[in-house]
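Trainee: As input, take protein00.cif (mmCIF, N, CA and C atoms):
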data_run
loop_
_atom_site.label_atom_id
_atom_site.label_comp_id
_atom_site.auth_asym_id
_atom_site.auth_seq_id
_atom_site.Cartn_x
_atom_site.Cartn_y
_atom_site.Cartn_z
N GLY K 255 -27.81 23.04 6.34
CA GLY K 255 -27.26 21.80 5.79
C GLY K 255 -25.76 21.82 5.63
N THR K 256 -25.07 22.84 6.19
CA THR K 256 -23.63 22.91 5.96
C THR K 256 -22.87 21.77 6.65
N ALA K 257 -23.30 21.38 7.83
CA ALA K 257 -22.63 20.28 8.53
C ALA K 257 -22.76 19.00 7.72
N LYS K 258 -23.95 18.78 7.19
CA LYS K 258 -24.17 17.57 6.40
C LYS K 258 -23.32 17.60 5.12
N GLU K 259 -23.27 18.78 4.48
CA GLU K 259 -22.45 18.90 3.28
C GLU K 259 -20.99 18.65 3.59
N ALA K 260 -20.51 19.19 4.71
CA ALA K 260 -19.13 18.98 5.12
C ALA K 260 -18.87 17.49 5.33
N ALA K 261 -19.83 16.83 5.97
CA ALA K 261 -19.68 15.40 6.23
C ALA K 261 -19.66 14.62 4.91
N GLN K 262 -20.47 15.03 3.96
CA GLN K 262 -20.48 14.36 2.66
C GLN K 262 -19.15 14.56 1.95
N GLY K 263 -18.60 15.76 2.06
CA GLY K 263 -17.30 16.03 1.46
C GLY K 263 -16.24 15.13 2.06
N LEU K 264 -16.31 14.98 3.38
CA LEU K 264 -15.39 14.12 4.09
C LEU K 264 -15.59 12.67 3.65
N ASP K 265 -16.84 12.27 3.53
CA ASP K 265 -17.14 10.91 3.10
C ASP K 265 -16.55 10.61 1.73
N SER K 266 -16.72 11.54 0.79
CA SER K 266 -16.23 11.27 -0.55
C SER K 266 -14.71 11.26 -0.57
N GLN K 267 -14.09 12.07 0.29
CA GLN K 267 -12.63 12.05 0.44
C GLN K 267 -12.19 10.67 0.95
N MET K 268 -12.89 10.21 1.98
CA MET K 268 -12.59 8.89 2.56
C MET K 268 -12.82 7.79 1.53
N GLU K 269 -13.94 7.91 0.83
CA GLU K 269 -14.31 6.92 -0.16
C GLU K 269 -13.23 6.85 -1.25
N THR K 270 -12.74 8.01 -1.66
CA THR K 270 -11.69 8.05 -2.68
C THR K 270 -10.44 7.36 -2.17
N GLU K 271 -10.07 7.64 -0.92
CA GLU K 271 -8.87 7.01 -0.35
C GLU K 271 -9.03 5.50 -0.25
N VAL K 272 -10.20 5.06 0.15
CA VAL K 272 -10.47 3.62 0.25
C VAL K 272 -10.39 2.98 -1.13
N ALA K 273 -10.97 3.64 -2.12
CA ALA K 273 -10.95 3.14 -3.49
C ALA K 273 -9.52 3.06 -4.03
N ILE K 274 -8.74 4.09 -3.75
CA ILE K 274 -7.34 4.11 -4.22
C ILE K 274 -6.56 2.97 -3.57
N ARG K 275 -6.77 2.78 -2.26
CA ARG K 275 -6.08 1.68 -1.58
C ARG K 275 -6.46 0.33 -2.18
N ALA K 276 -7.76 0.14 -2.41
CA ALA K 276 -8.24 -1.12 -2.99
C ALA K 276 -7.66 -1.30 -4.39
N ALA K 277 -7.64 -0.22 -5.16
CA ALA K 277 -7.12 -0.29 -6.53
C ALA K 277 -5.64 -0.65 -6.55
N LYS K 278 -4.87 -0.03 -5.66
CA LYS K 278 -3.43 -0.30 -5.62
C LYS K 278 -3.14 -1.73 -5.18
N LYS K 279 -3.99 -2.25 -4.30
CA LYS K 279 -3.81 -3.62 -3.82
C LYS K 279 -4.12 -4.62 -4.93
N LYS K 280 -5.15 -4.30 -5.70
CA LYS K 280 -5.63 -5.20 -6.76
C LYS K 280 -4.75 -5.12 -8.01
N TRP K 281 -4.22 -3.95 -8.31
CA TRP K 281 -3.51 -3.68 -9.58
C TRP K 281 -2.47 -4.73 -9.96
N PRO K 282 -1.58 -5.15 -9.04
CA PRO K 282 -0.54 -6.12 -9.44
C PRO K 282 -1.10 -7.46 -9.90
N TYR K 283 -2.34 -7.75 -9.54
CA TYR K 283 -2.93 -9.05 -9.88
C TYR K 283 -3.77 -9.00 -11.15
N VAL K 284 -3.95 -7.81 -11.69
CA VAL K 284 -4.74 -7.67 -12.91
C VAL K 284 -3.82 -7.87 -14.10
N LYS K 285 -4.17 -8.83 -14.96
CA LYS K 285 -3.30 -9.19 -16.08
C LYS K 285 -3.77 -8.55 -17.38
N GLY K 286 -2.85 -8.46 -18.34
CA GLY K 286 -3.21 -7.99 -19.67
C GLY K 286 -2.52 -6.69 -20.05
N GLU K 287 -2.91 -6.18 -21.20
CA GLU K 287 -2.43 -4.88 -21.65
C GLU K 287 -2.87 -3.81 -20.66
N ILE K 288 -2.16 -2.70 -20.65
CA ILE K 288 -2.48 -1.63 -19.71
C ILE K 288 -3.95 -1.20 -19.82
N ARG K 289 -4.45 -1.10 -21.06
CA ARG K 289 -5.86 -0.69 -21.25
C ARG K 289 -6.82 -1.70 -20.64
N ASP K 290 -6.52 -2.99 -20.87
CA ASP K 290 -7.36 -4.05 -20.32
C ASP K 290 -7.32 -4.03 -18.80
N ARG K 291 -6.11 -3.85 -18.26
CA ARG K 291 -5.97 -3.84 -16.81
C ARG K 291 -6.78 -2.71 -16.20
N LYS K 292 -6.73 -1.54 -16.83
CA LYS K 292 -7.50 -0.39 -16.31
C LYS K 292 -8.99 -0.68 -16.38
N ARG K 293 -9.42 -1.30 -17.50
CA ARG K 293 -10.84 -1.60 -17.67
C ARG K 293 -11.30 -2.62 -16.62
N LYS K 294 -10.48 -3.65 -16.41
CA LYS K 294 -10.83 -4.69 -15.43
C LYS K 294 -10.87 -4.12 -14.01
N LEU K 295 -9.87 -3.28 -13.71
CA LEU K 295 -9.82 -2.69 -12.38
C LEU K 295 -11.02 -1.79 -12.16
N MET K 296 -11.39 -1.05 -13.20
CA MET K 296 -12.54 -0.15 -13.13
C MET K 296 -13.81 -0.95 -12.83
N ALA K 297 -13.98 -2.06 -13.55
CA ALA K 297 -15.16 -2.91 -13.37
C ALA K 297 -15.19 -3.47 -11.95
N PHE K 298 -14.02 -3.89 -11.47
CA PHE K 298 -13.90 -4.43 -10.11
C PHE K 298 -14.37 -3.41 -9.08
N LEU K 299 -13.89 -2.18 -9.20
CA LEU K 299 -14.24 -1.14 -8.23
C LEU K 299 -15.70 -0.72 -8.34
N LEU K 300 -16.21 -0.66 -9.57
CA LEU K 300 -17.63 -0.32 -9.76
C LEU K 300 -18.52 -1.38 -9.11
N ARG K 301 -18.13 -2.64 -9.25
CA ARG K 301 -18.90 -3.72 -8.62
C ARG K 301 -18.91 -3.58 -7.11
N ARG K 302 -17.84 -3.02 -6.56
CA ARG K 302 -17.77 -2.82 -5.12
C ARG K 302 -18.58 -1.62 -4.67
N GLY K 303 -19.13 -0.89 -5.63
CA GLY K 303 -20.07 0.17 -5.28
C GLY K 303 -19.47 1.58 -5.23
N PHE K 304 -18.23 1.74 -5.72
CA PHE K 304 -17.67 3.08 -5.76
C PHE K 304 -18.25 3.85 -6.94
N PRO K 305 -18.49 5.15 -6.76
CA PRO K 305 -18.99 5.98 -7.88
C PRO K 305 -17.93 6.08 -8.98
N SER K 306 -18.38 6.26 -10.22
CA SER K 306 -17.44 6.20 -11.34
C SER K 306 -16.36 7.28 -11.28
N ALA K 307 -16.67 8.46 -10.76
CA ALA K 307 -15.65 9.51 -10.67
C ALA K 307 -14.52 9.08 -9.73
N VAL K 308 -14.90 8.44 -8.63
CA VAL K 308 -13.93 7.93 -7.66
C VAL K 308 -13.11 6.79 -8.29
N VAL K 309 -13.80 5.92 -9.00
CA VAL K 309 -13.15 4.78 -9.66
C VAL K 309 -12.10 5.26 -10.65
N LYS K 310 -12.43 6.24 -11.47
CA LYS K 310 -11.47 6.75 -12.46
C LYS K 310 -10.21 7.26 -11.78
N GLN K 311 -10.41 8.01 -10.70
CA GLN K 311 -9.29 8.56 -9.97
C GLN K 311 -8.42 7.44 -9.38
N ALA K 312 -9.08 6.46 -8.79
CA ALA K 312 -8.37 5.35 -8.17
C ALA K 312 -7.58 4.54 -9.19
N VAL K 313 -8.19 4.32 -10.36
CA VAL K 313 -7.52 3.55 -11.41
C VAL K 313 -6.29 4.30 -11.91
N ASN K 314 -6.42 5.63 -12.06
CA ASN K 314 -5.27 6.42 -12.49
C ASN K 314 -4.14 6.34 -11.48
N GLU K 315 -4.48 6.47 -10.21
CA GLU K 315 -3.47 6.38 -9.15
C GLU K 315 -2.79 5.01 -9.17
N ALA K 316 -3.59 3.97 -9.25
CA ALA K 316 -3.05 2.61 -9.18
C ALA K 316 -2.14 2.33 -10.37
N SER K 317 -2.56 2.73 -11.57
CA SER K 317 -1.75 2.43 -12.75
C SER K 317 -0.45 3.24 -12.72
N ARG K 318 -0.51 4.45 -12.19
CA ARG K 318 0.71 5.26 -12.04
C ARG K 318 1.67 4.61 -11.06
N SER K 319 1.15 4.16 -9.92
CA SER K 319 2.01 3.59 -8.89
C SER K 319 2.65 2.30 -9.42
N GLY K 320 1.93 1.56 -10.23
CA GLY K 320 2.48 0.33 -10.79
C GLY K 320 3.65 0.62 -11.72
N GLU K 321 3.54 1.68 -12.51
CA GLU K 321 4.61 2.03 -13.43
C GLU K 321 5.86 2.43 -12.67
N ASP K 322 5.69 3.14 -11.57
CA ASP K 322 6.86 3.56 -10.79
C ASP K 322 7.65 2.36 -10.30
N ASP K 323 6.95 1.32 -9.85
CA ASP K 323 7.62 0.13 -9.33
C ASP K 323 8.45 -0.56 -10.39
N GLU K 324 8.01 -0.46 -11.64
CA GLU K 324 8.63 -1.26 -12.69
C GLU K 324 9.69 -0.50 -13.48
N ASN K 325 10.07 0.69 -13.03
CA ASN K 325 11.11 1.42 -13.74
C ASN K 325 12.36 0.57 -13.82
N GLY K 326 12.88 0.44 -15.05
CA GLY K 326 14.07 -0.36 -15.23
C GLY K 326 13.78 -1.84 -15.41
N HIS K 327 12.53 -2.22 -15.28
CA HIS K 327 12.17 -3.62 -15.47
C HIS K 327 11.18 -3.75 -16.62
N THR K 328 11.56 -3.25 -17.78
CA THR K 328 10.63 -3.20 -18.90
C THR K 328 10.56 -4.52 -19.66
N LEU K 329 11.47 -5.45 -19.37
CA LEU K 329 11.44 -6.74 -20.07
C LEU K 329 10.18 -7.50 -19.71
N ASP K 330 9.59 -8.07 -20.74
CA ASP K 330 8.36 -8.86 -20.53
C ASP K 330 8.75 -10.31 -20.32
N ASN K 331 8.21 -10.92 -19.28
CA ASN K 331 8.55 -12.32 -19.00
C ASN K 331 7.91 -13.26 -20.01
#
So that I can check it, write out the structure of this file as structure tokens.
Mentor:
Amino acid sequence: GTAKEAAQGLDSQMETEVAIRAAKKKWPYVKGEIRDRKRKLMAFLLRRGFPSAVVKQAVNEASRSGEDDENGHTLDN
């Protein structure tokens, strides 16, 4: 079963990358406090069928990338 296990490992790697991409694309459109945004994004990804471990990772990546973009733009509109 090693080939199958390797393929599953590859699948979960791919799945994580797909989830992260989806999360980063969705993140700018999620409104609210940071906690709410993370919760909403998590729910969105779970509904799309990603496993919760993958979702957590993707949400962390997306929220981090969003903060990087806004450095120096801390004023709230």
Trainee: Starting from the shown file, work through the PyMOL selection byres ((chain K and resi 290-297) around 8) and note down what comes out as a VMD selection string.
Mentor: chain K and resid 277 280 to 281 283 to 289 298 to 303 309 to 310 312 to 314 317
Trainee: Save the residues we just selected, N, CA and C atoms, as a PDB file, in the coordinates of the input?
Mentor:
ATOM      1  N   ALA K 277      -7.640  -0.220  -5.160  1.00  0.00           N
ATOM      2  CA  ALA K 277      -7.120  -0.290  -6.530  1.00  0.00           C
ATOM      3  C   ALA K 277      -5.640  -0.650  -6.550  1.00  0.00           C
ATOM      4  N   LYS K 280      -5.150  -4.300  -5.700  1.00  0.00           N
ATOM      5  CA  LYS K 280      -5.630  -5.200  -6.760  1.00  0.00           C
ATOM      6  C   LYS K 280      -4.750  -5.120  -8.010  1.00  0.00           C
ATOM      7  N   TRP K 281      -4.220  -3.950  -8.310  1.00  0.00           N
ATOM      8  CA  TRP K 281      -3.510  -3.680  -9.580  1.00  0.00           C
ATOM      9  C   TRP K 281      -2.470  -4.730  -9.960  1.00  0.00           C
ATOM     10  N   TYR K 283      -2.340  -7.750  -9.540  1.00  0.00           N
ATOM     11  CA  TYR K 283      -2.930  -9.050  -9.880  1.00  0.00           C
ATOM     12  C   TYR K 283      -3.770  -9.000 -11.150  1.00  0.00           C
ATOM     13  N   VAL K 284      -3.950  -7.810 -11.690  1.00  0.00           N
ATOM     14  CA  VAL K 284      -4.740  -7.670 -12.910  1.00  0.00           C
ATOM     15  C   VAL K 284      -3.820  -7.870 -14.100  1.00  0.00           C
ATOM     16  N   LYS K 285      -4.170  -8.830 -14.960  1.00  0.00           N
ATOM     17  CA  LYS K 285      -3.300  -9.190 -16.080  1.00  0.00           C
ATOM     18  C   LYS K 285      -3.770  -8.550 -17.380  1.00  0.00           C
ATOM     19  N   GLY K 286      -2.850  -8.460 -18.340  1.00  0.00           N
ATOM     20  CA  GLY K 286      -3.210  -7.990 -19.670  1.00  0.00           C
ATOM     21  C   GLY K 286      -2.520  -6.690 -20.050  1.00  0.00           C
ATOM     22  N   GLU K 287      -2.910  -6.180 -21.200  1.00  0.00           N
ATOM     23  CA  GLU K 287      -2.430  -4.880 -21.650  1.00  0.00           C
ATOM     24  C   GLU K 287      -2.870  -3.810 -20.660  1.00  0.00           C
ATOM     25  N   ILE K 288      -2.160  -2.700 -20.650  1.00  0.00           N
ATOM     26  CA  ILE K 288      -2.480  -1.630 -19.710  1.00  0.00           C
ATOM     27  C   ILE K 288      -3.950  -1.200 -19.820  1.00  0.00           C
ATOM     28  N   ARG K 289      -4.450  -1.100 -21.060  1.00  0.00           N
ATOM     29  CA  ARG K 289      -5.860  -0.690 -21.250  1.00  0.00           C
ATOM     30  C   ARG K 289      -6.820  -1.700 -20.640  1.00  0.00           C
ATOM     31  N   PHE K 298     -14.020  -3.890 -11.470  1.00  0.00           N
ATOM     32  CA  PHE K 298     -13.900  -4.430 -10.110  1.00  0.00           C
ATOM     33  C   PHE K 298     -14.370  -3.410  -9.080  1.00  0.00           C
ATOM     34  N   LEU K 299     -13.890  -2.180  -9.200  1.00  0.00           N
ATOM     35  CA  LEU K 299     -14.240  -1.140  -8.230  1.00  0.00           C
ATOM     36  C   LEU K 299     -15.700  -0.720  -8.340  1.00  0.00           C
ATOM     37  N   LEU K 300     -16.210  -0.660  -9.570  1.00  0.00           N
ATOM     38  CA  LEU K 300     -17.630  -0.320  -9.760  1.00  0.00           C
ATOM     39  C   LEU K 300     -18.520  -1.380  -9.110  1.00  0.00           C
ATOM     40  N   ARG K 301     -18.130  -2.640  -9.250  1.00  0.00           N
ATOM     41  CA  ARG K 301     -18.900  -3.720  -8.620  1.00  0.00           C
ATOM     42  C   ARG K 301     -18.910  -3.580  -7.110  1.00  0.00           C
ATOM     43  N   ARG K 302     -17.840  -3.020  -6.560  1.00  0.00           N
ATOM     44  CA  ARG K 302     -17.770  -2.820  -5.120  1.00  0.00           C
ATOM     45  C   ARG K 302     -18.580  -1.620  -4.670  1.00  0.00           C
ATOM     46  N   GLY K 303     -19.130  -0.890  -5.630  1.00  0.00           N
ATOM     47  CA  GLY K 303     -20.070   0.170  -5.280  1.00  0.00           C
ATOM     48  C   GLY K 303     -19.470   1.580  -5.230  1.00  0.00           C
ATOM     49  N   VAL K 309     -13.800   5.920  -9.000  1.00  0.00           N
ATOM     50  CA  VAL K 309     -13.150   4.780  -9.660  1.00  0.00           C
ATOM     51  C   VAL K 309     -12.100   5.260 -10.650  1.00  0.00           C
ATOM     52  N   LYS K 310     -12.430   6.240 -11.470  1.00  0.00           N
ATOM     53  CA  LYS K 310     -11.470   6.750 -12.460  1.00  0.00           C
ATOM     54  C   LYS K 310     -10.210   7.260 -11.780  1.00  0.00           C
ATOM     55  N   ALA K 312      -9.080   6.460  -8.790  1.00  0.00           N
ATOM     56  CA  ALA K 312      -8.370   5.350  -8.170  1.00  0.00           C
ATOM     57  C   ALA K 312      -7.580   4.540  -9.190  1.00  0.00           C
ATOM     58  N   VAL K 313      -8.190   4.320 -10.360  1.00  0.00           N
ATOM     59  CA  VAL K 313      -7.520   3.550 -11.410  1.00  0.00           C
ATOM     60  C   VAL K 313      -6.290   4.300 -11.910  1.00  0.00           C
ATOM     61  N   ASN K 314      -6.420   5.630 -12.060  1.00  0.00           N
ATOM     62  CA  ASN K 314      -5.270   6.420 -12.490  1.00  0.00           C
ATOM     63  C   ASN K 314      -4.140   6.340 -11.480  1.00  0.00           C
ATOM     64  N   SER K 317      -2.560   2.730 -11.570  1.00  0.00           N
ATOM     65  CA  SER K 317      -1.750   2.430 -12.750  1.00  0.00           C
ATOM     66  C   SER K 317      -0.450   3.240 -12.720  1.00  0.00           C
TER      67      SER K 317
END
Trainee: Please, what distance in Å, to one decimal, runs between atom C of Ala276 of chain K and atom N of Phe304 of chain K?
Mentor: 11.1 Å
Trainee: State, in Å with one decimal place, the distance from atom N of Ala273 of chain K to atom N of Arg318 of chain K.
Mentor: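 Atom-to-atom, atom N of Ala273 of chain K to atom N of Arg318 of chain K, that is 14.5 Å.
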Trainee: Report, in Å with one decimal, the straight-line distance from atom N of Gly263 of chain K to atom C of Lys278 of chain K.
Mentor: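 These two atoms are separated by 24.4 Å.
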Trainee: Assign secondary structure with DSSP using the backbone only, and return the residues of chain K in alpha helix (DSSP H) as a PyMOL selection string.
Mentor: chain K and resi 256-280+288-301+306-323
Trainee: Using the atoms already present, construct all heavy atoms for segment 257-268 of chain K and hand them back as a CSV table (one decimal), keeping the file's coordinate frame.
Mentor:
chain,number,residue,atom,x,y,z
K,257,ALA,N,-23.3,21.4,7.8
K,257,ALA,CA,-22.6,20.3,8.5
K,257,ALA,C,-22.8,19.0,7.7
K,257,ALA,O,-21.8,18.2,7.6
K,257,ALA,CB,-23.2,20.1,9.9
K,258,LYS,N,-24.0,18.8,7.2
K,258,LYS,CA,-24.2,17.6,6.4
K,258,LYS,C,-23.3,17.6,5.1
K,258,LYS,O,-22.7,16.6,4.7
K,258,LYS,CB,-25.7,17.5,6.0
K,258,LYS,CG,-26.0,16.2,5.4
K,258,LYS,CD,-27.5,15.9,5.4
K,258,LYS,CE,-27.9,14.5,5.0
K,258,LYS,NZ,-28.1,14.3,3.6
K,259,GLU,N,-23.3,18.8,4.5
K,259,GLU,CA,-22.4,18.9,3.3
K,259,GLU,C,-21.0,18.6,3.6
K,259,GLU,O,-20.3,18.0,2.8
K,259,GLU,CB,-22.6,20.3,2.7
K,259,GLU,CG,-23.9,20.4,1.8
K,259,GLU,CD,-24.3,21.9,1.6
K,259,GLU,OE1,-23.3,22.7,1.6
K,259,GLU,OE2,-25.5,22.2,1.4
K,260,ALA,N,-20.5,19.2,4.7
K,260,ALA,CA,-19.1,19.0,5.1
K,260,ALA,C,-18.9,17.5,5.3
K,260,ALA,O,-17.8,17.0,4.9
K,260,ALA,CB,-18.8,19.8,6.4
K,261,ALA,N,-19.8,16.8,6.0
K,261,ALA,CA,-19.7,15.4,6.2
K,261,ALA,C,-19.7,14.6,4.9
K,261,ALA,O,-18.9,13.7,4.8
K,261,ALA,CB,-20.8,14.9,7.1
K,262,GLN,N,-20.5,15.0,4.0
K,262,GLN,CA,-20.5,14.4,2.7
K,262,GLN,C,-19.2,14.6,2.0
K,262,GLN,O,-18.6,13.7,1.3
K,262,GLN,CB,-21.6,14.9,1.8
K,262,GLN,CG,-22.9,14.2,2.1
K,262,GLN,CD,-24.1,14.7,1.3
K,262,GLN,OE1,-24.1,15.9,0.9
K,262,GLN,NE2,-25.1,13.9,1.1
K,263,GLY,N,-18.6,15.8,2.1
K,263,GLY,CA,-17.3,16.0,1.5
K,263,GLY,C,-16.2,15.1,2.1
K,263,GLY,O,-15.4,14.6,1.4
K,264,LEU,N,-16.3,15.0,3.4
K,264,LEU,CA,-15.4,14.1,4.1
K,264,LEU,C,-15.6,12.7,3.6
K,264,LEU,O,-14.6,12.0,3.4
K,264,LEU,CB,-15.6,14.3,5.6
K,264,LEU,CG,-14.5,13.7,6.5
K,264,LEU,CD1,-13.2,14.6,6.3
K,264,LEU,CD2,-15.0,13.8,8.0
K,265,ASP,N,-16.8,12.3,3.5
K,265,ASP,CA,-17.1,10.9,3.1
K,265,ASP,C,-16.6,10.6,1.7
K,265,ASP,O,-16.0,9.6,1.5
K,265,ASP,CB,-18.7,10.7,3.0
K,265,ASP,CG,-19.2,10.4,4.4
K,265,ASP,OD1,-18.5,10.4,5.4
K,265,ASP,OD2,-20.5,10.3,4.5
K,266,SER,N,-16.7,11.5,0.8
K,266,SER,CA,-16.2,11.3,-0.6
K,266,SER,C,-14.7,11.3,-0.6
K,266,SER,O,-14.1,10.5,-1.3
K,266,SER,CB,-16.8,12.3,-1.6
K,266,SER,OG,-16.2,13.5,-1.4
K,267,GLN,N,-14.1,12.1,0.3
K,267,GLN,CA,-12.6,12.0,0.4
K,267,GLN,C,-12.2,10.7,1.0
K,267,GLN,O,-11.3,10.1,0.4
K,267,GLN,CB,-12.2,13.1,1.4
K,267,GLN,CG,-10.7,13.2,1.7
K,267,GLN,CD,-9.9,13.7,0.5
K,267,GLN,OE1,-10.3,14.7,-0.2
K,267,GLN,NE2,-8.8,13.0,0.1
K,268,MET,N,-12.9,10.2,2.0
K,268,MET,CA,-12.6,8.9,2.6
K,268,MET,C,-12.8,7.8,1.5
K,268,MET,O,-12.0,6.9,1.4
K,268,MET,CB,-13.5,8.6,3.8
K,268,MET,CG,-13.1,9.3,5.0
K,268,MET,SD,-11.7,8.4,5.8
K,268,MET,CE,-12.4,6.8,6.1
